[in-house]
file structure.cif (mmCIF, C-alpha atoms and all ligand atoms)
data_data
loop_
_atom_site.label_atom_id
_atom_site.label_comp_id
_atom_site.auth_asym_id
_atom_site.auth_seq_id
_atom_site.Cartn_x
_atom_site.Cartn_y
_atom_site.Cartn_z
CA MET Z 44 181.98 108.59 301.52
CA ILE Z 45 181.93 109.99 298.01
CA ASN Z 46 182.50 113.71 297.98
CA VAL Z 47 179.93 115.20 295.70
CA SER Z 48 180.23 118.77 296.82
CA LYS Z 49 183.28 119.74 294.78
CA LEU Z 50 182.72 119.83 291.08
CA LYS Z 51 185.58 120.59 288.69
CA LYS Z 52 183.60 121.26 285.57
CA GLY Z 53 179.97 121.06 284.63
CA ILE Z 54 176.57 122.20 285.76
CA VAL Z 55 174.91 122.35 289.15
CA ILE Z 56 171.17 122.67 289.15
CA ASP Z 57 170.35 123.96 292.62
CA HIS Z 58 167.27 124.91 294.59
CA ILE Z 59 165.07 122.35 292.92
CA GLU Z 60 161.82 121.98 294.80
CA ALA Z 61 161.98 118.68 296.71
CA GLY Z 62 160.43 115.97 294.60
CA HIS Z 63 161.10 117.67 291.24
CA GLY Z 64 164.66 116.40 290.98
CA TYR Z 65 163.83 113.13 289.36
CA LYS Z 66 161.41 114.77 286.94
CA ILE Z 67 164.16 117.12 285.79
CA PHE Z 68 166.64 114.26 285.67
CA SER Z 69 164.46 112.32 283.26
CA GLN Z 70 163.27 115.31 281.26
CA LEU Z 71 166.88 116.32 280.52
CA GLY Z 72 167.65 112.75 279.54
CA LEU Z 73 170.49 112.55 282.05
CA ASP Z 74 170.20 108.76 282.25
CA ALA Z 75 171.66 108.66 278.76
CA LEU Z 76 174.82 110.59 279.73
CA GLU Z 77 178.13 108.77 280.00
CA ASP Z 78 179.48 111.40 282.39
CA VAL Z 79 179.15 111.57 286.16
CA VAL Z 80 175.69 112.68 287.22
CA VAL Z 81 174.58 113.02 290.81
CA LEU Z 82 170.97 113.40 291.82
CA MET Z 83 170.54 114.38 295.45
CA ARG Z 84 167.13 114.34 297.00
CA ASN Z 85 165.74 115.90 300.17
CA VAL Z 86 168.88 117.86 300.92
CA PRO Z 87 168.34 120.05 304.02
CA SER Z 88 168.05 123.69 303.01
CA ARG Z 89 167.73 126.76 305.17
CA LYS Z 90 165.56 128.60 302.67
CA MET Z 91 163.49 125.74 301.37
CA GLY Z 92 163.47 123.23 304.21
CA LYS Z 93 164.24 120.42 301.78
CA LYS Z 94 165.48 120.64 298.24
CA ASP Z 95 166.75 118.49 295.40
CA LEU Z 96 170.01 119.07 293.59
CA ILE Z 97 171.63 117.75 290.43
CA LYS Z 98 175.32 117.86 289.53
CA ILE Z 99 176.41 117.00 286.05
CA GLU Z 100 180.11 116.66 285.35
CA THR Z 101 180.20 117.29 281.64
CA ASP Z 102 181.22 119.67 278.89
CA ILE Z 103 178.37 118.88 276.58
CA HIS Z 104 175.63 121.36 275.89
CA LEU Z 105 172.36 120.68 277.60
CA ASP Z 106 169.12 122.34 276.57
CA LEU Z 107 167.93 123.65 279.89
CA THR Z 108 164.93 125.66 278.64
CA VAL Z 109 162.59 122.90 279.75
CA LEU Z 110 163.60 123.62 283.36
CA GLY Z 111 161.75 126.91 283.22
CA LEU Z 112 158.61 124.95 282.66
CA ILE Z 113 159.08 122.34 285.38
CA ASP Z 114 160.55 124.50 288.12
CA PRO Z 115 161.23 128.16 287.36
CA ASN Z 116 162.90 128.79 290.74
CA VAL Z 117 165.96 126.61 290.23
CA THR Z 118 169.42 128.11 289.94
CA ILE Z 119 171.83 126.91 287.31
CA ASN Z 120 175.53 127.25 288.07
CA PHE Z 121 178.18 126.64 285.46
CA VAL Z 122 181.46 125.46 286.92
CA LYS Z 123 184.90 125.39 285.32
CA ASP Z 124 188.20 124.45 287.02
CA GLY Z 125 186.39 124.18 290.32
CA ALA Z 126 185.07 127.75 290.20
CA LEU Z 127 181.68 129.17 289.48
CA ILE Z 128 181.87 130.97 286.12
CA ARG Z 129 178.26 131.74 285.37
CA LYS Z 130 174.84 131.71 287.00
CA GLU Z 131 171.86 131.54 284.73
CA LYS Z 132 168.33 132.74 285.14
CA LEU Z 133 165.65 130.65 283.64
CA GLN Z 134 163.52 131.66 280.74
CA LEU Z 135 160.37 130.02 279.56
CA PRO Z 136 160.82 128.40 276.18
CA ALA Z 137 158.77 130.05 273.41
CA VAL Z 138 157.93 126.68 271.90
CA VAL Z 139 157.72 123.38 273.73
CA GLU Z 140 157.59 120.07 272.00
CA GLY Z 141 156.62 116.76 273.48
CA ILE Z 142 156.50 117.67 277.18
CA LEU Z 143 153.09 119.20 277.60
CA GLU Z 144 149.81 117.48 277.04
CA CYS Z 145 146.71 119.19 275.72
CA LYS Z 146 144.05 119.55 278.40
CA ASN Z 147 141.13 119.90 275.98
CA PRO Z 148 139.15 116.63 275.98
CA ARG Z 149 137.80 117.48 272.52
CA CYS Z 150 141.27 117.97 271.00
CA ILE Z 151 142.21 115.66 268.15
CA SER Z 152 145.37 114.76 270.09
CA LYS Z 153 143.11 112.93 272.56
CA TYR Z 154 141.79 110.68 269.81
CA GLN Z 155 144.83 110.04 267.68
CA LYS Z 156 148.34 109.35 268.74
CA ILE Z 157 150.25 112.44 267.68
CA ASN Z 158 153.92 112.67 268.48
CA ASP Z 159 155.56 115.89 269.53
CA ILE Z 160 152.68 118.33 269.63
CA LYS Z 161 154.01 121.87 269.62
CA PHE Z 162 152.88 124.27 272.32
CA TYR Z 163 153.41 128.01 271.95
CA LEU Z 164 153.92 130.30 274.95
CA ILE Z 165 151.02 132.70 275.33
CA ASP Z 166 151.48 134.06 278.84
CA GLU Z 167 154.79 134.33 280.73
CA LYS Z 168 153.09 135.05 284.03
CA THR Z 169 150.73 132.12 284.08
CA LYS Z 170 153.15 129.91 282.10
CA GLU Z 171 150.37 129.06 279.72
CA TYR Z 172 150.96 127.43 276.38
CA ARG Z 173 148.65 127.07 273.38
CA CYS Z 174 148.12 123.71 271.69
CA GLU Z 175 149.13 123.94 268.02
CA TYR Z 176 146.02 122.02 266.97
CA CYS Z 177 143.08 123.20 269.05
CA ASP Z 178 144.53 126.47 270.49
CA THR Z 179 143.51 125.53 274.04
CA ALA Z 180 145.70 127.03 276.77
CA THR Z 181 147.55 124.51 278.90
CA SER Z 182 150.18 124.74 281.59
CA PHE Z 183 152.65 122.20 282.93
CA MET X 244 149.63 134.53 246.94
CA LEU X 245 146.85 132.19 247.91
CA LYS X 246 147.86 129.36 245.59
CA GLY X 247 148.64 126.21 247.53
CA ARG X 248 147.61 127.66 250.90
CA HIS X 249 145.33 126.01 253.45
CA LEU X 250 142.39 127.66 255.17
CA ILE X 251 142.22 126.42 258.74
CA GLU X 252 141.14 129.51 260.66
CA PRO X 253 139.61 132.77 259.47
CA SER X 254 142.43 135.02 260.66
CA GLU X 255 144.91 133.09 258.56
CA PHE X 256 144.36 135.38 255.58
CA SER X 257 145.25 139.05 255.65
CA ILE X 258 142.68 141.70 254.83
CA ASP X 259 144.22 142.04 251.36
CA GLU X 260 144.07 138.32 250.76
CA LEU X 261 140.44 138.23 251.84
CA GLU X 262 139.77 141.13 249.49
CA GLU X 263 141.27 139.07 246.66
CA ILE X 264 138.79 136.29 247.40
CA PHE X 265 135.83 138.67 247.77
CA GLY X 266 136.76 140.47 244.57
CA LEU X 267 136.75 137.20 242.66
CA ALA X 268 133.45 136.26 244.31
CA ASP X 269 132.00 139.53 243.00
CA SER X 270 133.08 138.65 239.46
CA ILE X 271 131.64 135.15 239.78
CA ILE X 272 128.31 136.56 241.01
CA GLN X 273 128.23 138.95 238.07
CA LYS X 274 129.14 136.45 235.37
CA PRO X 275 129.01 132.87 236.65
CA GLU X 276 129.21 131.48 233.11
CA ASP X 277 132.77 132.80 232.78
CA TYR X 278 133.83 130.46 235.56
CA SER X 279 131.79 127.38 234.76
CA GLU X 280 134.78 125.45 233.40
CA ILE X 281 137.66 126.97 235.32
CA CYS X 282 138.04 123.84 237.50
CA LYS X 283 137.69 121.37 234.63
CA ASN X 284 139.72 118.24 235.35
CA LYS X 285 140.14 119.25 238.97
CA LEU X 286 139.02 116.98 241.76
CA LEU X 287 137.91 117.95 245.26
CA ALA X 288 137.87 115.44 248.12
CA SER X 289 135.05 116.09 250.54
CA LEU X 290 135.82 114.30 253.82
CA PHE X 291 132.93 114.62 256.24
CA TYR X 292 133.68 112.70 259.43
CA GLU X 293 130.41 113.97 260.82
CA PRO X 294 127.31 114.79 258.84
CA SER X 295 126.64 118.41 257.92
CA THR X 296 124.43 118.42 254.89
CA ARG X 297 124.32 122.20 254.62
CA THR X 298 128.08 122.70 254.53
CA LYS X 299 128.69 119.68 252.32
CA PHE X 300 126.13 120.80 249.73
CA SER X 301 127.64 124.25 249.68
CA PHE X 302 131.13 122.95 248.89
CA ASP X 303 129.87 120.34 246.42
CA ALA X 304 127.73 122.91 244.59
CA ALA X 305 130.67 125.33 244.51
CA MET X 306 133.04 122.80 242.94
CA LEU X 307 130.47 121.49 240.45
CA ARG X 308 129.56 125.01 239.33
CA LEU X 309 133.23 125.60 238.60
CA GLY X 310 133.26 122.57 236.32
CA GLY X 311 135.23 120.43 238.75
CA GLU X 312 134.34 117.11 240.30
CA VAL X 313 133.88 115.86 243.84
CA ILE X 314 134.64 112.56 245.56
CA GLY X 315 134.35 111.78 249.24
CA PHE X 316 132.10 110.58 252.01
CA SER X 317 129.57 112.11 254.35
CA ASP X 318 129.44 109.31 256.87
CA PRO X 319 132.77 107.86 257.99
CA ASN X 320 131.16 104.63 259.22
CA THR X 321 130.50 103.41 255.72
CA SER X 322 133.99 104.06 254.44
CA SER X 323 137.36 102.46 254.93
CA VAL X 324 138.58 105.39 257.00
CA ALA X 325 136.75 103.98 259.99
CA LYS X 326 138.99 100.95 260.14
CA GLY X 327 141.71 102.36 262.32
CA GLU X 328 143.68 104.30 259.73
CA THR X 329 145.29 107.44 261.16
CA LEU X 330 144.25 110.79 259.78
CA LYS X 331 147.84 111.34 258.76
CA ASP X 332 147.86 108.23 256.55
CA THR X 333 144.42 109.06 255.18
CA ILE X 334 145.39 112.56 254.09
CA ILE X 335 148.71 111.51 252.59
CA THR X 336 146.94 108.86 250.52
CA ILE X 337 144.07 111.08 249.45
CA SER X 338 146.52 113.85 248.52
CA ASN X 339 147.68 111.61 245.70
CA TYR X 340 144.26 111.48 244.11
CA VAL X 341 142.87 114.99 244.35
CA ASP X 342 143.73 118.65 243.88
CA ILE X 343 142.09 120.05 247.01
CA VAL X 344 140.58 118.68 250.23
CA VAL X 345 137.63 119.82 252.35
CA VAL X 346 137.47 118.29 255.81
CA ARG X 347 134.85 118.33 258.56
CA HIS X 348 135.55 116.51 261.81
CA PRO X 349 134.05 116.53 265.32
CA GLN X 350 137.43 116.87 267.04
CA GLU X 351 139.17 120.20 267.41
CA GLY X 352 142.40 120.71 265.50
CA THR X 353 141.82 117.96 262.94
CA ALA X 354 142.02 120.20 259.88
CA LYS X 355 145.29 121.64 261.16
CA LEU X 356 146.68 118.16 261.64
CA MET X 357 145.67 117.10 258.14
CA ALA X 358 147.04 120.28 256.60
CA LYS X 359 150.39 119.45 258.15
CA TYR X 360 150.70 116.30 256.08
CA ALA X 361 148.62 117.15 253.02
CA LEU X 362 150.30 117.67 249.67
CA VAL X 363 147.37 119.76 248.41
CA PRO X 364 145.37 122.65 249.93
CA VAL X 365 143.10 121.77 252.87
CA ILE X 366 139.97 123.74 253.73
CA ASN X 367 138.56 123.39 257.24
CA ALA X 368 134.80 122.91 257.00
CA GLY X 369 134.42 122.84 260.78
CA ASP X 370 136.41 121.11 263.52
CA GLY X 371 134.10 120.64 266.48
CA GLY X 372 133.46 123.86 268.35
CA HIS X 373 136.79 125.28 267.23
CA GLN X 374 136.83 126.93 263.79
CA HIS X 375 134.57 127.17 260.78
CA PRO X 376 136.36 129.69 258.56
CA THR X 377 134.16 129.45 255.47
CA GLN X 378 131.16 130.46 257.60
CA THR X 379 133.06 133.61 258.56
CA LEU X 380 134.01 134.25 254.93
CA THR X 381 130.32 133.86 254.04
CA ASP X 382 129.34 136.42 256.69
CA LEU X 383 131.97 138.89 255.53
CA LEU X 384 131.01 138.58 251.87
CA THR X 385 127.34 139.06 252.79
CA ILE X 386 128.10 142.24 254.74
CA ARG X 387 130.40 143.50 252.01
CA HIS X 388 127.76 142.84 249.36
CA TYR X 389 124.92 144.67 251.10
CA LYS X 390 126.90 147.41 252.82
CA LYS X 391 129.48 147.86 250.03
CA SER X 392 132.36 147.87 252.52
CA LEU X 393 133.56 146.15 255.65
CA ASN X 394 134.60 149.41 257.34
CA ASN X 395 132.56 151.87 259.39
CA HIS X 396 129.76 149.68 260.66
CA CYS X 397 127.92 149.19 263.89
CA ILE X 398 127.34 145.47 264.24
CA ALA X 399 124.86 144.21 266.79
CA VAL X 400 125.21 140.54 267.65
CA CYS X 401 122.40 138.95 269.58
CA GLY X 402 121.85 135.62 271.30
CA ASP X 403 124.23 133.13 272.84
CA LEU X 404 127.46 135.08 272.73
CA LYS X 405 129.26 132.84 275.18
CA PHE X 406 129.27 129.57 273.28
CA GLY X 407 128.56 130.81 269.76
CA ARG X 408 131.60 129.96 267.69
CA THR X 409 130.22 131.72 264.64
CA ILE X 410 129.85 134.94 266.62
CA HIS X 411 133.37 134.76 268.07
CA SER X 412 134.87 134.28 264.62
CA LEU X 413 132.80 137.10 263.16
CA VAL X 414 133.81 139.56 265.89
CA LYS X 415 137.47 138.59 265.55
CA ALA X 416 137.30 138.99 261.79
CA MET X 417 135.39 142.29 261.80
CA HIS X 418 137.52 144.00 264.43
CA ARG X 419 140.38 144.05 261.93
CA TYR X 420 138.47 146.53 259.80
CA GLN X 421 138.34 150.28 260.36
CA ASP X 422 135.85 151.99 262.66
CA VAL X 423 133.77 148.96 263.43
CA LYS X 424 131.63 149.16 266.55
CA PHE X 425 129.94 146.25 268.30
CA ILE X 426 126.81 145.93 270.37
CA PHE X 427 126.63 142.65 272.28
CA ILE X 428 123.11 141.64 273.19
CA SER X 429 122.74 138.56 275.37
CA PRO X 430 121.37 137.25 278.64
CA GLU X 431 123.66 137.87 281.58
CA GLU X 432 124.79 134.23 281.67
CA LEU X 433 125.62 134.09 277.96
CA LYS X 434 127.78 137.19 277.63
CA ILE X 435 130.65 137.46 275.18
CA PRO X 436 133.86 136.02 276.72
CA ARG X 437 136.46 138.31 278.24
CA TYR X 438 139.19 137.25 275.81
CA ILE X 439 137.14 138.47 272.85
CA LYS X 440 136.46 141.82 274.52
CA ASP X 441 140.17 142.13 275.25
CA LEU X 442 140.83 142.19 271.50
CA LEU X 443 138.62 145.23 271.05
CA GLU X 444 139.39 148.90 271.64
CA PRO X 445 137.77 150.16 274.83
CA GLY X 446 134.76 152.20 273.79
CA SER X 447 134.28 150.30 270.55
CA TYR X 448 131.70 147.98 272.07
CA PHE X 449 128.64 148.09 274.26
CA GLU X 450 126.93 145.30 276.19
CA THR X 451 123.23 145.04 276.93
CA THR X 452 120.50 142.52 277.66
CA ASN X 453 117.85 144.34 275.66
CA LEU X 454 117.67 144.12 271.87
CA ASP X 455 114.76 146.53 271.68
CA LYS X 456 116.75 149.38 273.19
CA VAL X 457 119.69 149.23 270.80
CA ILE X 458 118.28 147.97 267.52
CA GLY X 459 118.01 151.52 266.14
CA LYS X 460 121.78 151.97 266.30
CA ALA X 461 122.74 148.89 264.29
CA ASP X 462 123.80 148.76 260.64
CA ILE X 463 123.96 144.99 260.83
CA LEU X 464 122.02 142.77 263.20
CA TYR X 465 123.48 139.29 263.52
CA MET X 466 121.04 136.96 265.24
CA SER X 467 121.92 133.58 266.72
CA ARG X 468 120.20 130.87 268.64
CA VAL X 469 119.64 131.00 272.37
CA GLN X 470 119.26 127.40 273.41
CA ARG X 471 116.89 126.50 276.19
CA GLU X 472 119.44 124.26 277.89
CA ARG X 473 121.86 127.16 278.34
CA PHE X 474 119.60 128.76 280.93
CA VAL X 475 119.78 127.94 284.61
CA SER X 476 116.07 127.19 284.73
CA GLU X 477 113.01 126.91 282.55
CA TYR X 478 111.61 129.91 284.40
CA GLU X 479 114.63 132.01 283.45
CA TYR X 480 114.36 130.91 279.84
CA LEU X 481 110.70 131.91 279.60
CA ARG X 482 111.38 135.16 281.39
CA LEU X 483 114.23 136.19 279.13
CA LYS X 484 113.67 134.63 275.74
CA ASP X 485 111.53 137.44 274.35
CA TYR X 486 114.33 139.93 274.80
CA PHE X 487 116.34 138.01 272.24
CA ILE X 488 113.66 137.31 269.69
CA LEU X 489 113.40 139.53 266.65
CA THR X 490 109.85 140.56 265.83
CA PRO X 491 108.26 142.93 263.27
CA GLU X 492 107.59 145.37 266.16
CA LYS X 493 111.28 145.55 266.96
CA MET X 494 112.09 145.95 263.26
CA LEU X 495 110.06 149.19 263.27
CA ARG X 496 112.78 150.82 265.31
CA ALA X 497 115.63 149.57 263.09
CA LYS X 498 117.32 151.64 260.39
CA ASP X 499 115.92 151.37 256.87
CA ASP X 500 119.18 150.00 255.52
CA MET X 501 120.00 147.69 258.40
CA ILE X 502 120.49 144.07 257.40
CA VAL X 503 119.49 141.06 259.50
CA MET X 504 121.78 138.05 259.33
CA HIS X 505 121.62 134.58 260.87
CA PRO X 506 123.89 131.57 260.27
CA LEU X 507 120.82 129.26 260.08
CA PRO X 508 119.17 127.01 260.94
CA ARG X 509 116.93 129.24 263.01
CA VAL X 510 114.60 127.98 265.69
CA ASN X 511 112.41 130.77 267.01
CA GLU X 512 114.79 133.69 267.49
CA ILE X 513 113.47 135.43 264.37
CA ALA X 514 109.70 135.58 263.98
CA GLU X 515 108.59 134.27 260.60
CA GLU X 516 106.86 137.57 259.84
CA VAL X 517 110.29 139.17 259.60
CA ASP X 518 111.22 136.96 256.63
CA SER X 519 109.33 139.17 254.16
CA ASP X 520 111.10 142.33 255.40
CA LYS X 521 113.53 143.50 252.71
CA ARG X 522 116.18 143.93 255.41
CA ALA X 523 116.13 140.21 256.21
CA VAL X 524 119.00 138.76 254.20
CA TYR X 525 119.57 135.50 256.07
CA PHE X 526 118.14 133.31 253.35
CA HIS X 527 120.54 134.90 250.83
CA GLN X 528 123.55 134.25 253.03
CA ALA X 529 123.68 130.63 251.84
CA LYS X 530 124.07 131.83 248.27
CA PHE X 531 127.01 134.02 249.25
CA GLY X 532 128.37 131.00 251.08
CA MET X 533 128.51 129.08 247.83
CA TYR X 534 130.05 131.99 245.87
CA VAL X 535 132.72 132.62 248.45
CA ARG X 536 133.62 128.92 248.44
CA MET X 537 133.85 129.03 244.64
CA ALA X 538 136.24 131.96 244.83
CA LEU X 539 138.24 130.27 247.59
CA ILE X 540 138.67 127.05 245.62
CA VAL X 541 139.79 128.94 242.49
CA LYS X 542 142.30 130.99 244.50
CA LEU X 543 143.78 128.06 246.45
CA LEU X 544 144.16 126.10 243.23
CA GLY X 545 145.91 129.13 241.70
CA LEU X 546 143.59 129.21 238.72
CA GLU X 547 143.14 132.97 238.84
ZN ZN F 1 144.80 120.54 271.74
#
call {"tool": "encode", "arguments": {"input": "structure.cif", "output": "structure tokens"}}
result
Amino acid sequence: MINVSKLKKGIVIDHIEAGHGYKIFSQLGLDALEDVVVLMRNVPSRKMGKKDLIKIETDIHLDLTVLGLIDPNVTINFVKDGALIRKEKLQLPAVVEGILECKNPRCISKYQKINDIKFYLIDEKTKEYRCEYCDTATSF
Amino acid sequence: MLKGRHLIEPSEFSIDELEEIFGLADSIIQKPEDYSEICKNKLLASLFYEPSTRTKFSFDAAMLRLGGEVIGFSDPNTSSVAKGETLKDTIITISNYVDIVVVRHPQEGTAKLMAKYALVPVINAGDGGHQHPTQTLTDLLTIRHYKKSLNNHCIAVCGDLKFGRTIHSLVKAMHRYQDVKFIFISPEELKIPRYIKDLLEPGSYFETTNLDKVIGKADILYMSRVQRERFVSEYEYLRLKDYFILTPEKMLRAKDDMIVMHPLPRVNEIAEEVDSDKRAVYFHQAKFGMYVRMALIVKLLGLE
């Protein structure tokens, strides 16, 4: 059996709500990485019942802000030489590009293909973002 | 500096920048002949993806009175733009021909999208139910003209305050000025949205369902349409509609220097007998609409 529990260097994204793992995997573009990436699904968890987990064995910088949008409860652990060096809390990105979709049926983005619509954070609590074109509030 | 800027939403310009536009509008009103050639050799593209004769005429008249010229369309079905070209490609192409663009479109956010790719200033002439900034500029110039200032007023707005885009823009624009108070008069089901009230200082506004009771307090009365289909039932409409209709009897209780405004077209919310009242300025608003558009065009083109 492959031992995936010990990671020498890299990032462990833990406490992902079961089912969100693959979404995060694709959103971070992990399929394009050359390094070792492990996606574990439905891992038994005392706190959560079931959870997903991702381990990425890499040194490269990953933009993790998008995680705050998909699953704000995940924990991010940075590992070096087999030891945990840093835990990070998630923050909602102030601007999101290309992940959200405008919910306003009258928005021009529903009629024309527009790439990378910008959404601006308007409310941290409700995680609402404003469409750059029609100003309608949208959440993930 | 307003040269080269777009106008997509009313709050885009600061109070000082608006004052620059209104100041120029004043000069144009005083001596229109001084400005009759200022836009000579300038071309305005008027892109109306939905018909709005009123707005189109106002922009066309503004540009022509400045000595400029206008090209464009008022029905997209007859023009090449209907044949699947993206708005991005359209605006980039048109930018090559003209000095300034006016766009009206049924979908929200279109003017913003076009401004992103335009090489010349873009003016939003209405994008669905979203923004119509030159209407707001018209309202502000009208108030400023008759009341000499935009500060220290009590503005009563009456009608459909829930869906009325014009009203929302006006309240948002006016609340930036000093000591402005609002009275919101509407049926219970058409009250001003929470998010607008959240912008205002507590105590700076008052809500009621009865125009008659508050008309005496207003310096400005802004009327708008209450559409039949907004009511839960025909019975409710008939029961309530008179509360929101301005009549000569109600005008008796209004201040002598109050002004009555309306974005037009009106249906029945202002009785025709009110038209001859000197306080009724709604038919003059259109004229201010043209002057403010003249000033806006001159400023965005950087000609003064
Ligand atoms: Zn939108």
call {"tool": "closest_residue", "arguments": {"input": "structure.cif", "among": "Z:Leu164, Z:Ile103, Z:Cys145, Z:Val139", "to": "ligand ZN 1 (chain F)", "atoms": "all atoms listed in the file"}}
result
Z:Cys145
call {"tool": "atom_distance", "arguments": {"input": "structure.cif", "atom1": "CA of Asp422 in chain X", "atom2": "CA of Glu444 in chain X"}}
result
10.1 Å
call {"tool": "residues_near_ligand", "arguments": {"input": "structure.cif", "ligand": "ligand ZN 1 (chain F)", "cutoff": "10 Å", "atoms": "only C-alpha atoms and all ligand atoms", "output": "PyMOL selection string"}}
result
(chain Z and resi 144-153+160-162+173-181) or (chain X and resi 350-353)
call {"tool": "residues_near_point", "arguments": {"input": "structure.cif", "point": "(106.7, 142.5, 261.3)", "cutoff": "6 Å", "atoms": "all atoms listed in the file", "output": "mmCIF file with C-alpha atoms, in the frame of the given file"}}
result
data_model
loop_
_atom_site.group_PDB
_atom_site.id
_atom_site.type_symbol
_atom_site.label_atom_id
_atom_site.label_comp_id
_atom_site.auth_asym_id
_atom_site.auth_seq_id
_atom_site.Cartn_x
_atom_site.Cartn_y
_atom_site.Cartn_z
ATOM 1 C CA THR X 490 109.850 140.560 265.830
ATOM 2 C CA PRO X 491 108.260 142.930 263.270
ATOM 3 C CA GLU X 492 107.590 145.370 266.160
ATOM 4 C CA GLU X 516 106.860 137.570 259.840
ATOM 5 C CA VAL X 517 110.290 139.170 259.600
#
call {"tool": "residues_near_point", "arguments": {"input": "structure.cif", "point": "(128.9, 118.8, 238.4)", "cutoff": "12 Å", "atoms": "all atoms listed in the file", "output": "ChimeraX atom specification"}}
result
/X:279-280,282-287,300,302-314
call {"tool": "residues_around", "arguments": {"input": "structure.cif", "residues": "Gly64 in chain Z", "least_positions_apart": "4", "cutoff": "7 Å", "atoms": "only C-alpha atoms", "output": "list in words"}}
result
Ile59, Phe68, Arg84, Asp95 and Leu96 of chain Z
call {"tool": "atom_distance", "arguments": {"input": "structure.cif", "atom1": "CA of Met504 in chain X", "atom2": "CA of His348 in chain X"}}
result
25.7 Å
call {"tool": "atom_distance", "arguments": {"input": "structure.cif", "atom1": "CA of Leu76 in chain Z", "atom2": "CA of Glu131 in chain Z"}}
result
21.7 Å
call {"tool": "residues_around", "arguments": {"input": "structure.cif", "residues": "Pro445 in chain X", "least_positions_apart": "6", "cutoff": "12 Å", "atoms": "all atoms listed in the file", "output": "PyMOL selection string"}}
result
chain X and resi 424-425+439
call {"tool": "closest_residue", "arguments": {"input": "structure.cif", "among": "X:Val344, X:Leu380, X:Leu330, X:Ile426", "to": "chain Z", "atoms": "all atoms listed in the file"}}
result
X:Leu330
call {"tool": "closest_residue", "arguments": {"input": "structure.cif", "among": "Z:Leu105, Z:Ala137, Z:Ile142, Z:Val80", "to": "Ile165 in chain Z", "atoms": "only C-alpha atoms"}}
result
Z:Ala137
call {"tool": "interface_residues", "arguments": {"input": "structure.cif", "of": "chain X", "to": "chain Z", "cutoff": "12 Å", "atoms": "all atoms listed in the file", "output": "NGL selection string"}}
result
:X and (251-252 or 327-332 or 348-359 or 369-374)
call {"tool": "axis_aligned_box", "arguments": {"input": "structure.cif", "around": "range 118-137 of chain Z", "padding_each_side": "6 Å", "output": "JSON"}}
result
{"center_x": 173.5, "center_y": 128.5, "center_z": 281.9, "size_x": 41.4, "size_y": 20.6, "size_z": 28.9}
call {"tool": "closest_residue", "arguments": {"input": "structure.cif", "among": "Z:Leu135, Z:Tyr163, Z:Lys93, Z:Gly111", "to": "Gln70 in chain Z", "atoms": "all atoms listed in the file"}}
result
Z:Gly111
call {"tool": "closest_residue", "arguments": {"input": "structure.cif", "among": "Z:Ala61, Z:Leu50, Z:Leu71, Z:Val55", "to": "Val86 in chain Z", "atoms": "only C-alpha atoms"}}
result
Z:Ala61
call {"tool": "residues_around", "arguments": {"input": "structure.cif", "residues": "Ala461 in chain X", "least_positions_apart": "4", "cutoff": "9 Å", "atoms": "all atoms listed in the file", "output": "list in words"}}
result
His396, Cys397, Ile398, Ala399, Phe425, Ile426, Val457, Ala497, Lys498, Met501 and Ile502 of chain X
call {"tool": "closest_residue", "arguments": {"input": "structure.cif", "among": "X:Met466, X:Ala361, X:Val346, X:Met417", "to": "Leu404 in chain X", "atoms": "all atoms listed in the file"}}
result
X:Met466
